[in-house]
Amino acid sequence: MELTRRELLKTSAAAATATAVGITIPATALAKSKEAEAGMQWDKGVCRFCGTGCGIMIGTSEGRIVATKGDPDAPVNRGLNCIKGYFNGKILYGKDRLTQPLMRMKGDKFDKNGKFKPVSWEVAFDEMARQFKKTYQEMGPTGIGVFGSGQYTIPEGYTMAKLMKAGFRSNNIDPNARHCMASAVVGFIQTFGIDEPSGNYDDIEHTDTVVTWGANMAECHPILWARVSDRRLSNDNVKLVNLTTCSNQTSDIADSEIVFKPGTDLAIQNYILRELIKKDAVNHDFVKKHCVFSTGPYDIGYGMRGTDKYAFDAEKDIQAKELKVTLDKDEAIAQRRKEGEVVEQKNTKKPVKHWMITFEEFKRGVEPYTLDFVAELSKGDAAEDIEAYKAKLKGLVDLYADPERKVTSFWTMGFNQHYRGSWVNEQIYAIHLLLGKQAQPGNGAFSLTGQPSACGTAREVGTFAHRLPADLVVFNPKHREFSAKLWKVPAKTLNPKPGSHITKIMRDLEDGHIKWAWVQVNNPFQATANANHWLKAARKEENFLVVSDPYPTISAKVADLILPTAMIFEKWGLYGNAERRTQAWRQQVAPPGEAMGDVWQGLEFAKRFKLKEVWGEQKIPGLKAKGYDDGKLPDVMAEAQKMGYSPEDTLYDVLFANKENLKVKWPDATVSRGHGNHIAEKLGDGWFPEKALFDEYRQFGVGHQHDLAKFDVYYGDKVRGLKWPVVNGKETEWRFNEKYDSYCAKGSGFDFYGKALKKLPGGDLDKVTSKEKTSLAGKAKIFFRPYAAPPEQPDNNYDLWFSTGRVLEHWHTGTMTRRVPELHRAVPTAVLFMNPEDAEKRGLQRNDLAWIESRRGKIKILVETQGRNRPPKGYTFAAFFDKGVFVNKICLDVTCPMSKEEDFKKAAIKVYKA
Amino acid sequence: MSKKASNTRRDFLTRMGQGTALAATGGLVWMYLLNQQAHATPFAIRPPGSLAEADFNARCIKCGQCVDACPYDTLKLATAEAGIPIGTPYFIPKEIPCYMCEDIPCLKACPTGAIDPALENIDDSRMGLAVIDIENCLSWQGLRCEICHRECPVKDKAITVEHHPRRISKHAMFVPLVHSDACTGCGICEKACPTQKAAIRIVQPDLVQGQIGDHYRLGWTIDTPITQDFKTDDSDRTGNDTPAPSLDFLNEGSL
C-alpha cells in the first residue's frame with residue numbers, strides 16, 4: 001500500500017487535466033436538466049446485488065426508473081455505491097427482457113423436444129400443474145423440488161417455503177444460498193446454537209485489526225472495504241492482514257499478505273490456537289464462564305455421491321474417496337495417525353455429530369500444529385522464502401494474541417466454499433472465543449454474506465431443505481408443532497424428513513428421484529459445479545423444469561417452461577443483509593409486458609391445488625420419525641375438516657388468502673402512498689400479500705430471539721433498516737453481550753443463548769466416552785477440527801489449481817450485470833488469471849485462447865497474466881459470470897459434508913493452447 | 001511513438017492550437033490549422049511503436065499490412081473523414097483499443113519502419129496518454145469503480161489506486177491516478193470506463209502535460225546523498241576574457 005509522495009503529487013496534475021478536457025455545460029442545457037429533475041419522484045430502496053446491503057434512492061419519471069443514487073442517510077454506505085450499485089436503474093431495461101410465458105411446444109401442445117413459443121399464463125400454469133400432479137401422484141412430495149434463492153425478497157421466500165412445506169408437504173426447497181453460506185450457518189448453529197453474526201458493520205470502526213480469510217472484500221464487498229480502508233488510513237495502529245490463496249486487490253492495502261495453499265487454512269487456524277495456548281493468551285475467565293470444548297468425527301467424506309454409477313470415467317478416482325481415503329503425510333501428522341493408513345469414511349451420514357472434550361484434550365489436538373509443520377504445509381507461493389513466511393504467521397498470532405488489540409475477522413467464500421467449510425468457520429470462532437474477543441464492539445469473527453437476502457430470506461425465513469422460519473427445523477417435533485399452529489394447518493401436515501439440498505436436487509434430477517423442479521431468482525444450471533451432468537439431467541425426457549426469470553439464462557435454455565418475472569423495483573419487497581439489517585422498498589414501476597412477481601407466481605400456482613390433492617396420505621421414502629408410520633405422512637384431511645377447512649379449499653385459500661390475511665387491505669393507508677402493487681392488483685381480492693405475509697412470518701421470531709419489527713415500521717421515511725432482534729422498537733447492535741442485547745440473562749456479561757445443539761455427551765479426541773448428556777445452556781463451543789487434505793489436488797496430469805468466484809463488475813452469473821452495456825463493455829468476458837511463468841511454460845501469451853480441462857469437462861478461455869489477481873505459480877482463477885466461459889463445467893461438486901455447500905475453490909485442471 | 005523514438009520534432013504550437021480550437025472555438029481555427037497541417041494531425045492515435053507523427057507520415061506507404069495483421073481489428077486505415085492523411089493506420093480507443101499483443105504483429109508487418117522495429121516490449125510503446133476527468137470520474141467521487149485500474153494491462157504502473165479519506169463519511173475513496181512514465185495509451189481504460197461519456201480518455205501527452213522546471217527537483221523523489229569526494233570545477237575562472245556585460249550600464253549616462 002506504500003505510495004510514494006511522488007505519486008501523490010500526480011493528483012494535482014490530474015486536476016489540471018480535468019480543466020483541459022472538461023466540458024462546460026451551457027446555461028440552457030443546465031436549465032433543461034433541472035426541469036427534468038423536477039418531474040422526478042424519489043423513494044428509498046436497497047441495492048439489488050451483494051450482501052453488504054447499501055441503501056439507494058430510486059428516481060422515477062413517467063413509469064420508468066430514470067436515475068438512482070446512493071442513499072446519503074443509509075448507515076451502511078452513506079450515499080456511495082460500487083460500480084454495480086451505480087447501475088441498479090439499468091438492470092431492468094435489458095433488450096432481451098422476457099415479457100410473456102414461453103413453453104416448449106409442438107403444434108399447440110407441450111412437447112419436451114419442442115421449441116419455445118409464447119403462451120398465456122393460463123396455459124403455462126395449466127401445463128405446470130398437470131406435470132406437477134403427474135409426478136406428485138407417482139412419487140409423492142419427494143418427487144418435486146424448488147431451487148430457491150438468497151435473492152428472494154422476504155415475502156417471496158416465505159410464500160414458497162410455506163407453499164412447499166405446509167402445502168405440498170415437501171422439504172425439497174433449497175436456495176442457491178446453500179452454495180454461498182451454508183457452511184457459515186453450520187458454524188453458527190454448532191458454535192452458538194443460533195444463526196447469524198453477533199456483531200455488525202460498526203465493528204469496522206471500533207476495531208484496530210482486520211483479518212480477512214478467503215475474502216476478497218476489495219472486489220466482492222466494495223463499500224465495506226472502503227470502510228475498512230478508511231479505518232486503516234485514519235489510524236496507523238490499525239493493521240490489516242489478508243489471508244488468501246491468490247494475491248488480489250484486498251492485498252493492496254494490507255499490512256501483511258499471507259498466501260497459503262488451498263485447504264491449509266485449517267492448519268493455520270490450528271497453529272494459531274496452539275500458539276495462543278503456548279503464550280497463555282487464553283482468556284481463561286471468559287472461556288470458563290462462557291465456553292466448552294468440543295470435537296467430532298474426521299471420517300465424514302466429501303459430500304460426493306456414494307456410488308460411481310453416475311460419474312464420468314475420469315471422475316471415478318476422486319469419487320472413490322467418498323468411501324475410503326489414504327492419509328497423506330500431512331494429514332497423518334495433523335490427525336495423529338500413520339501415513340498411508342486407509343480410512344473408511346464411516347460418518348458420511350452423520351457428519352454433524354459432536355461431543356464435549358476437556359481443555360487438556362483440546363491442547364492435545366492442536367499440539368502437532370507447530371510453526372515448522374504448518375509453514376511447510378501451508379506456504380502457497382513457492383517463490384516466497386520460508387522464513388519470511390514463518391515471520392508472517394507469527395505476526396498474525398501476535399496480532400490476535402495482543403490483549404490491547406481488538407480483532408475483527410472477516411471471511412466469505414474462501415471459508416464457506418470448502419470441503420471442510422463448516423470446520424474452518426468453527427475454527428475462526430475457536431480463535432476468537434479462546435481470546436474472549438467475540439460479541440464486543442470491534443471484537444468478533446464476522447461472516448460476510450454474498451447475496452442481498454441470504455440472511456434475510458434464505459436463512460431467517462428458512463427456505464432450506466431442513467429449516468422452518470426463525471431457526472426452527474423440520475426434524476424437531478416441537479418446532480413442527482409450533483409452525484403448524486402458527487400456519488393453522490393440522491399438526492402432522494409437516495414432513496419431518498429434511499429434503500434435498502440444492503446439489504442433491506440436481507443429482508435427484510439426474511438419477512430420477514425428482515422429476516419436476518421450479519427455479520426461482522437464480523440460475524443454478526450455470527452456477528452449480530460439475531454442470532455437464534445437470535444440463536443433461538434437465539433435458540431428460542421424464543423431467544419437467546420450470547424457470548422463472550426476467551432474462552433468458554442458461555437455466556431458461558434447458559427449461560421446459562419459462563415464466564417472465566418482475567424485477568426488484570417492479571414489486572414490493574424486503575431484504576436482510578449480513579449485519580441482520582432488514583430493509584424495505586416499494587414498487588416503483590410496473591413490470592414490462594406480462595411479467596409478474598414471484599409472490600404472485602407462487603400464489604397463483606397455489607390456487608390450482610385442492611387440499612384433498614395434497615393432504616391425503618403421502619409416501620416419503622426413508623422417513624422415520626416418532627409419531628409417524630415409517631415411510632409415510634398421514635392423511636390429515638379429517639383434522640383439517642375439524643379446523644373448518646373443506647377438501648375443496650385450495651392451498652391459496654388456506655395458506656395465503658385466509659381470513660386473517662384478507663383483512664390486510666390493499667391499498668394500504670399507511671405505506672402505499674400512491675405506489676402501485678401489480679400483484680395485489682392482479683389478484684384483485686383486496687388484500688396486500690407482501691404485508692400480510694410479512695406480518696404473519698414475523699410471529700415466528702417475536703419473543704424467540706429473532707424479533708422483527710412490523711412491516712410498516714420498515715417503510716417509515718426515517719428508517720434505513722433495523723438490525724434484529726428489534727425489541728421494544730430498539731434494534732440490537734451486538735448480540736450475546738449483556739450491555740447491548742436484552743435477551744442476555746441479567747448479570748451474565750455474555751450469554752450465548754442460542755438453543756440448538758446445547759446438550760452434549762462427553763468424550764476424548766476420537767470418540768464419545770460417556771453417553772450422558774450435559775446441558776451447555778448459555779455457552780458457546782470451541783471446536784477442535786483437524787487439517788484434512790483436499791480430495792482433488794493437482795497431479796502430473798491436471799497440474800494446476802483452479803478456483804472461481806466474482807469480479808467487482810459482475811454479479812453471479814451475469815444475468816443482470818451483463819445486460820448493462822457499460823458493465824459488459826468494461827468486462828466483456830471471464831479470463832483465466834494465471835502466473836506469467838505458468839503461461840510461458842505452456843507457450844501461452846496474454847490474451848491467447850486456451851483450453852482448461854478438468855476431469856469433468858473442458859472450456860475455452862482467454863489467458864490473462866497481468867490481471868487484477870496475481871496468482872502464485874501453480875494456481876489459476878476465473879470468474880463464473882460469463883455464460884460463454886462456462887466455468888462450472890470444470891468445477892468439482894465436492895461439498896462440505898456438514899453444510900452440503902459446494903467447494904468452488906479447489907479443482908485440478910490442465911491448461912493448453914487452443 | 002516508441003519510447004526510443006520519442007517526439008523530437010514535436011510541433012508544440014500546432015498541437016496546442018488544435019487543442020484550444022477543439023475546446024473553445026470549434027470551427028474556424030481548427031479548419032485553418034487543418035488546412036495548414038493537413039499532412040500531420042496530432043490527434044491520430046497510431047499503432048504501437050509508430051514514429052513521431054511527421055516521420056511516420058514520411059515513412060508510411062499506406063500499404064495496410066499492419067491493419068491486416070491486427071488480430072482485434074483495432075487498426076483501420078484513415079478515410080477522408082478521419083482528418084488525417086488518407087490511408088494511414090490509426091485507431092479509436094473507445095471503439096476498439098489496442099490490446100497490446102506481446103508479439104506486436106502490426107509492427108512486424110510494417111515494411112518501412114514507420115512502426116519502429118526498435119520497439120521490443122509492448123509495454124514501452126507510447127500511443128498516447130490516459131487522462132482522468134476527476135470531476136466526472138466515479139471513483140474520484142467515492143464510488144467503488146476503479147475499472148480503469150483493474151482493466152489496465154500495465155496496472156499498478158500506468159494506473160495506480162490511492163486511498164483518500166472522504167470527508168463526509170467513514171469510507172475511503174479509491175482514486176485512480178495515471179502515470180505517464182508507464183501509460184502506453186492503449187485505450188483499454190477509455191473503452192472500459194462505465195460513465196456515459198468516458199471520464200478517462202487517451203490524448204496526446206503534450207496537450208495536458210506540464211513540466212517542472214529543470215532547475216528544481218522534488219525533494220522526496222530522488223536520493224541525493226551529500227557528495228563525499230567533491231570535485232571542484234573552476235575552469236570558468238581561468239582565461240575569462242569576455243567583458244563584463246554590465247559595464248555599459250555602469251559607465252554610461254548620468255544619474
# chains A, B, ... in the order shown; residues from 1 in each chain; ligands from 1
call {"tool": "select_by_dssp", "arguments": {"residues": "region 450-679 of chain A", "states": "alpha helix (DSSP H)", "output": "PDB file with N, CA and C atoms, in the first residue's frame"}}
result
ATOM      1  N   PRO A 477     -39.795 -32.172  16.590  1.00  0.00           N
ATOM      2  CA  PRO A 477     -41.264 -32.250  16.712  1.00  0.00           C
ATOM      3  C   PRO A 477     -41.880 -30.980  17.308  1.00  0.00           C
ATOM      4  N   LYS A 478     -41.183 -30.376  18.277  1.00  0.00           N
ATOM      5  CA  LYS A 478     -41.723 -29.148  18.881  1.00  0.00           C
ATOM      6  C   LYS A 478     -41.769 -28.007  17.873  1.00  0.00           C
ATOM      7  N   HIS A 479     -40.738 -27.944  17.056  1.00  0.00           N
ATOM      8  CA  HIS A 479     -40.690 -26.886  16.046  1.00  0.00           C
ATOM      9  C   HIS A 479     -41.817 -27.066  15.017  1.00  0.00           C
ATOM     10  N   ARG A 480     -42.041 -28.338  14.650  1.00  0.00           N
ATOM     11  CA  ARG A 480     -43.120 -28.596  13.683  1.00  0.00           C
ATOM     12  C   ARG A 480     -44.465 -28.213  14.272  1.00  0.00           C
ATOM     13  N   GLU A 481     -44.615 -28.572  15.530  1.00  0.00           N
ATOM     14  CA  GLU A 481     -45.886 -28.295  16.188  1.00  0.00           C
ATOM     15  C   GLU A 481     -46.149 -26.793  16.241  1.00  0.00           C
ATOM     16  N   PHE A 482     -45.121 -26.046  16.655  1.00  0.00           N
ATOM     17  CA  PHE A 482     -45.222 -24.587  16.743  1.00  0.00           C
ATOM     18  C   PHE A 482     -45.564 -23.991  15.369  1.00  0.00           C
ATOM     19  N   SER A 483     -44.864 -24.467  14.342  1.00  0.00           N
ATOM     20  CA  SER A 483     -45.060 -23.921  12.993  1.00  0.00           C
ATOM     21  C   SER A 483     -46.455 -24.247  12.467  1.00  0.00           C
ATOM     22  N   ALA A 484     -46.877 -25.500  12.670  1.00  0.00           N
ATOM     23  CA  ALA A 484     -48.190 -25.917  12.168  1.00  0.00           C
ATOM     24  C   ALA A 484     -49.287 -25.070  12.821  1.00  0.00           C
ATOM     25  N   LYS A 485     -49.092 -24.785  14.109  1.00  0.00           N
ATOM     26  CA  LYS A 485     -50.078 -23.993  14.838  1.00  0.00           C
ATOM     27  C   LYS A 485     -50.154 -22.578  14.261  1.00  0.00           C
ATOM     28  N   LEU A 486     -48.971 -22.001  14.065  1.00  0.00           N
ATOM     29  CA  LEU A 486     -48.923 -20.644  13.534  1.00  0.00           C
ATOM     30  C   LEU A 486     -49.493 -20.594  12.109  1.00  0.00           C
ATOM     31  N   TRP A 487     -49.251 -21.634  11.384  1.00  0.00           N
ATOM     32  CA  TRP A 487     -49.724 -21.686   9.997  1.00  0.00           C
ATOM     33  C   TRP A 487     -51.181 -22.171   9.907  1.00  0.00           C
ATOM     34  N   ILE A 502     -29.492 -28.264  -2.486  1.00  0.00           N
ATOM     35  CA  ILE A 502     -29.563 -27.839  -3.892  1.00  0.00           C
ATOM     36  C   ILE A 502     -28.727 -28.734  -4.817  1.00  0.00           C
ATOM     37  N   THR A 503     -27.564 -29.167  -4.365  1.00  0.00           N
ATOM     38  CA  THR A 503     -26.767 -30.063  -5.209  1.00  0.00           C
ATOM     39  C   THR A 503     -27.477 -31.405  -5.362  1.00  0.00           C
ATOM     40  N   LYS A 504     -28.144 -31.803  -4.266  1.00  0.00           N
ATOM     41  CA  LYS A 504     -28.855 -33.077  -4.331  1.00  0.00           C
ATOM     42  C   LYS A 504     -30.083 -32.977  -5.247  1.00  0.00           C
ATOM     43  N   ILE A 505     -30.710 -31.814  -5.307  1.00  0.00           N
ATOM     44  CA  ILE A 505     -31.835 -31.673  -6.243  1.00  0.00           C
ATOM     45  C   ILE A 505     -31.317 -31.930  -7.666  1.00  0.00           C
ATOM     46  N   MET A 506     -30.140 -31.391  -7.960  1.00  0.00           N
ATOM     47  CA  MET A 506     -29.521 -31.658  -9.265  1.00  0.00           C
ATOM     48  C   MET A 506     -29.291 -33.160  -9.447  1.00  0.00           C
ATOM     49  N   ARG A 507     -28.689 -33.778  -8.427  1.00  0.00           N
ATOM     50  CA  ARG A 507     -28.407 -35.223  -8.529  1.00  0.00           C
ATOM     51  C   ARG A 507     -29.712 -36.012  -8.643  1.00  0.00           C
ATOM     52  N   ASP A 508     -30.737 -35.544  -7.923  1.00  0.00           N
ATOM     53  CA  ASP A 508     -32.030 -36.230  -7.978  1.00  0.00           C
ATOM     54  C   ASP A 508     -32.645 -36.143  -9.373  1.00  0.00           C
ATOM     55  N   LEU A 509     -32.439 -35.000 -10.034  1.00  0.00           N
ATOM     56  CA  LEU A 509     -32.934 -34.876 -11.409  1.00  0.00           C
ATOM     57  C   LEU A 509     -32.190 -35.848 -12.318  1.00  0.00           C
ATOM     58  N   GLU A 510     -30.911 -36.045 -12.011  1.00  0.00           N
ATOM     59  CA  GLU A 510     -30.099 -36.938 -12.838  1.00  0.00           C
ATOM     60  C   GLU A 510     -30.487 -38.405 -12.620  1.00  0.00           C
ATOM     61  N   ASP A 511     -30.745 -38.771 -11.336  1.00  0.00           N
ATOM     62  CA  ASP A 511     -30.982 -40.198 -11.082  1.00  0.00           C
ATOM     63  C   ASP A 511     -32.469 -40.535 -10.919  1.00  0.00           C
ATOM     64  N   PRO A 524     -29.294 -21.854 -11.486  1.00  0.00           N
ATOM     65  CA  PRO A 524     -28.485 -22.958 -10.950  1.00  0.00           C
ATOM     66  C   PRO A 524     -27.788 -23.787 -12.020  1.00  0.00           C
ATOM     67  N   PHE A 525     -28.301 -23.762 -13.235  1.00  0.00           N
ATOM     68  CA  PHE A 525     -27.663 -24.606 -14.249  1.00  0.00           C
ATOM     69  C   PHE A 525     -26.365 -23.988 -14.759  1.00  0.00           C
ATOM     70  N   GLN A 526     -26.157 -22.705 -14.460  1.00  0.00           N
ATOM     71  CA  GLN A 526     -24.845 -22.111 -14.712  1.00  0.00           C
ATOM     72  C   GLN A 526     -24.014 -22.083 -13.426  1.00  0.00           C
ATOM     73  N   ALA A 527     -24.695 -22.043 -12.279  1.00  0.00           N
ATOM     74  CA  ALA A 527     -23.996 -21.746 -11.024  1.00  0.00           C
ATOM     75  C   ALA A 527     -23.657 -22.983 -10.193  1.00  0.00           C
ATOM     76  N   ALA A 531     -21.324 -28.886 -14.045  1.00  0.00           N
ATOM     77  CA  ALA A 531     -22.554 -28.560 -14.769  1.00  0.00           C
ATOM     78  C   ALA A 531     -22.915 -29.538 -15.893  1.00  0.00           C
ATOM     79  N   ASN A 532     -21.931 -30.188 -16.491  1.00  0.00           N
ATOM     80  CA  ASN A 532     -22.262 -31.076 -17.610  1.00  0.00           C
ATOM     81  C   ASN A 532     -23.298 -32.127 -17.228  1.00  0.00           C
ATOM     82  N   HIS A 533     -23.194 -32.610 -15.983  1.00  0.00           N
ATOM     83  CA  HIS A 533     -24.177 -33.592 -15.516  1.00  0.00           C
ATOM     84  C   HIS A 533     -25.592 -32.991 -15.489  1.00  0.00           C
ATOM     85  N   TRP A 534     -25.687 -31.774 -14.965  1.00  0.00           N
ATOM     86  CA  TRP A 534     -27.013 -31.217 -14.667  1.00  0.00           C
ATOM     87  C   TRP A 534     -27.715 -30.703 -15.926  1.00  0.00           C
ATOM     88  N   LEU A 535     -26.909 -30.222 -16.885  1.00  0.00           N
ATOM     89  CA  LEU A 535     -27.503 -29.772 -18.141  1.00  0.00           C
ATOM     90  C   LEU A 535     -28.202 -30.956 -18.815  1.00  0.00           C
ATOM     91  N   LYS A 536     -27.527 -32.088 -18.775  1.00  0.00           N
ATOM     92  CA  LYS A 536     -28.104 -33.290 -19.371  1.00  0.00           C
ATOM     93  C   LYS A 536     -29.345 -33.746 -18.598  1.00  0.00           C
ATOM     94  N   ALA A 537     -29.227 -33.676 -17.265  1.00  0.00           N
ATOM     95  CA  ALA A 537     -30.347 -34.125 -16.424  1.00  0.00           C
ATOM     96  C   ALA A 537     -31.607 -33.304 -16.712  1.00  0.00           C
ATOM     97  N   ALA A 538     -31.422 -31.997 -16.916  1.00  0.00           N
ATOM     98  CA  ALA A 538     -32.572 -31.128 -17.165  1.00  0.00           C
ATOM     99  C   ALA A 538     -33.315 -31.552 -18.426  1.00  0.00           C
ATOM    100  N   ILE A 554     -28.981 -19.514 -18.904  1.00  0.00           N
ATOM    101  CA  ILE A 554     -28.662 -20.910 -19.222  1.00  0.00           C
ATOM    102  C   ILE A 554     -29.756 -21.826 -18.655  1.00  0.00           C
ATOM    103  N   SER A 555     -30.191 -21.516 -17.435  1.00  0.00           N
ATOM    104  CA  SER A 555     -31.245 -22.346 -16.827  1.00  0.00           C
ATOM    105  C   SER A 555     -32.521 -22.293 -17.662  1.00  0.00           C
ATOM    106  N   ALA A 556     -32.850 -21.094 -18.160  1.00  0.00           N
ATOM    107  CA  ALA A 556     -34.035 -20.961 -19.006  1.00  0.00           C
ATOM    108  C   ALA A 556     -33.876 -21.789 -20.277  1.00  0.00           C
ATOM    109  N   LYS A 557     -32.683 -21.799 -20.789  1.00  0.00           N
ATOM    110  CA  LYS A 557     -32.418 -22.511 -22.041  1.00  0.00           C
ATOM    111  C   LYS A 557     -32.657 -24.015 -21.901  1.00  0.00           C
ATOM    112  N   ASP A 598     -42.608 -12.975  -8.251  1.00  0.00           N
ATOM    113  CA  ASP A 598     -42.554 -14.363  -7.788  1.00  0.00           C
ATOM    114  C   ASP A 598     -43.635 -14.668  -6.756  1.00  0.00           C
ATOM    115  N   VAL A 599     -44.000 -13.670  -5.928  1.00  0.00           N
ATOM    116  CA  VAL A 599     -45.062 -13.910  -4.951  1.00  0.00           C
ATOM    117  C   VAL A 599     -46.341 -14.300  -5.688  1.00  0.00           C
ATOM    118  N   TRP A 600     -46.661 -13.536  -6.707  1.00  0.00           N
ATOM    119  CA  TRP A 600     -47.871 -13.841  -7.484  1.00  0.00           C
ATOM    120  C   TRP A 600     -47.783 -15.224  -8.115  1.00  0.00           C
ATOM    121  N   GLN A 601     -46.628 -15.544  -8.664  1.00  0.00           N
ATOM    122  CA  GLN A 601     -46.479 -16.851  -9.316  1.00  0.00           C
ATOM    123  C   GLN A 601     -46.740 -17.987  -8.320  1.00  0.00           C
ATOM    124  N   GLY A 602     -46.207 -17.822  -7.094  1.00  0.00           N
ATOM    125  CA  GLY A 602     -46.440 -18.834  -6.062  1.00  0.00           C
ATOM    126  C   GLY A 602     -47.911 -18.916  -5.690  1.00  0.00           C
ATOM    127  N   LEU A 603     -48.527 -17.754  -5.487  1.00  0.00           N
ATOM    128  CA  LEU A 603     -49.926 -17.720  -5.062  1.00  0.00           C
ATOM    129  C   LEU A 603     -50.841 -18.285  -6.148  1.00  0.00           C
ATOM    130  N   GLU A 604     -50.558 -17.909  -7.370  1.00  0.00           N
ATOM    131  CA  GLU A 604     -51.397 -18.342  -8.477  1.00  0.00           C
ATOM    132  C   GLU A 604     -51.288 -19.859  -8.666  1.00  0.00           C
ATOM    133  N   PHE A 605     -50.086 -20.375  -8.488  1.00  0.00           N
ATOM    134  CA  PHE A 605     -49.892 -21.817  -8.593  1.00  0.00           C
ATOM    135  C   PHE A 605     -50.657 -22.530  -7.473  1.00  0.00           C
ATOM    136  N   ALA A 606     -50.642 -21.910  -6.275  1.00  0.00           N
ATOM    137  CA  ALA A 606     -51.328 -22.499  -5.116  1.00  0.00           C
ATOM    138  C   ALA A 606     -52.830 -22.643  -5.369  1.00  0.00           C
ATOM    139  N   LEU A 611     -57.037 -29.082  -1.216  1.00  0.00           N
ATOM    140  CA  LEU A 611     -56.483 -29.787  -0.054  1.00  0.00           C
ATOM    141  C   LEU A 611     -56.503 -31.293  -0.252  1.00  0.00           C
ATOM    142  N   LYS A 612     -57.580 -31.808  -0.845  1.00  0.00           N
ATOM    143  CA  LYS A 612     -57.705 -33.261  -0.988  1.00  0.00           C
ATOM    144  C   LYS A 612     -56.610 -33.848  -1.888  1.00  0.00           C
ATOM    145  N   GLU A 613     -56.011 -32.995  -2.705  1.00  0.00           N
ATOM    146  CA  GLU A 613     -54.953 -33.498  -3.594  1.00  0.00           C
ATOM    147  C   GLU A 613     -53.601 -33.626  -2.895  1.00  0.00           C
ATOM    148  N   VAL A 614     -53.429 -32.920  -1.791  1.00  0.00           N
ATOM    149  CA  VAL A 614     -52.100 -32.899  -1.169  1.00  0.00           C
ATOM    150  C   VAL A 614     -52.081 -33.356   0.289  1.00  0.00           C
ATOM    151  N   MET A 637     -56.630 -34.899   6.348  1.00  0.00           N
ATOM    152  CA  MET A 637     -57.873 -34.253   5.906  1.00  0.00           C
ATOM    153  C   MET A 637     -58.923 -34.171   7.018  1.00  0.00           C
ATOM    154  N   ALA A 638     -59.009 -35.280   7.813  1.00  0.00           N
ATOM    155  CA  ALA A 638     -60.037 -35.301   8.861  1.00  0.00           C
ATOM    156  C   ALA A 638     -59.793 -34.166   9.843  1.00  0.00           C
ATOM    157  N   GLU A 639     -58.532 -34.043  10.248  1.00  0.00           N
ATOM    158  CA  GLU A 639     -58.206 -32.968  11.189  1.00  0.00           C
ATOM    159  C   GLU A 639     -58.435 -31.598  10.551  1.00  0.00           C
ATOM    160  N   ALA A 640     -58.104 -31.511   9.262  1.00  0.00           N
ATOM    161  CA  ALA A 640     -58.300 -30.250   8.544  1.00  0.00           C
ATOM    162  C   ALA A 640     -59.770 -29.849   8.561  1.00  0.00           C
ATOM    163  N   GLN A 641     -60.619 -30.863   8.388  1.00  0.00           N
ATOM    164  CA  GLN A 641     -62.052 -30.558   8.381  1.00  0.00           C
ATOM    165  C   GLN A 641     -62.519 -30.088   9.753  1.00  0.00           C
ATOM    166  N   LYS A 642     -61.895 -30.691  10.807  1.00  0.00           N
ATOM    167  CA  LYS A 642     -62.210 -30.237  12.164  1.00  0.00           C
ATOM    168  C   LYS A 642     -61.814 -28.772  12.339  1.00  0.00           C
ATOM    169  N   LEU A 651     -55.040 -24.429  -1.771  1.00  0.00           N
ATOM    170  CA  LEU A 651     -53.919 -24.019  -0.913  1.00  0.00           C
ATOM    171  C   LEU A 651     -53.860 -22.497  -0.825  1.00  0.00           C
ATOM    172  N   LYS A 659     -58.659 -15.844   6.261  1.00  0.00           N
ATOM    173  CA  LYS A 659     -59.449 -14.766   6.878  1.00  0.00           C
ATOM    174  C   LYS A 659     -58.574 -13.633   7.411  1.00  0.00           C
ATOM    175  N   GLU A 660     -57.535 -14.019   8.153  1.00  0.00           N
ATOM    176  CA  GLU A 660     -56.658 -13.016   8.761  1.00  0.00           C
ATOM    177  C   GLU A 660     -56.018 -12.135   7.698  1.00  0.00           C
ATOM    178  N   ASN A 661     -55.444 -12.819   6.695  1.00  0.00           N
ATOM    179  CA  ASN A 661     -54.681 -12.086   5.692  1.00  0.00           C
ATOM    180  C   ASN A 661     -55.565 -11.197   4.818  1.00  0.00           C
ATOM    181  N   LEU A 662     -56.782 -11.646   4.561  1.00  0.00           N
ATOM    182  CA  LEU A 662     -57.674 -10.838   3.720  1.00  0.00           C
ATOM    183  C   LEU A 662     -58.047  -9.519   4.406  1.00  0.00           C
ATOM    184  N   HIS A 678     -48.514  -4.482  -8.413  1.00  0.00           N
ATOM    185  CA  HIS A 678     -49.076  -5.240  -9.542  1.00  0.00           C
ATOM    186  C   HIS A 678     -49.610  -6.594  -9.092  1.00  0.00           C
ATOM    187  N   ILE A 679     -49.083  -7.098  -7.979  1.00  0.00           N
ATOM    188  CA  ILE A 679     -49.512  -8.418  -7.511  1.00  0.00           C
ATOM    189  C   ILE A 679     -50.894  -8.318  -6.861  1.00  0.00           C
TER     190      ILE A 679
END
call {"tool": "interface_residues", "arguments": {"of": "chain A", "to": "chain B", "cutoff": "6 Å", "atoms": "only C-alpha atoms", "output": "list in words"}}
result
Arg6, Thr17, Ala18, Leu80, Asn81, Cys82, Ile83, Ala226, Arg227, Ser229, Asp230, Glu822, Arg825, Ala826 and Arg868 of chain A
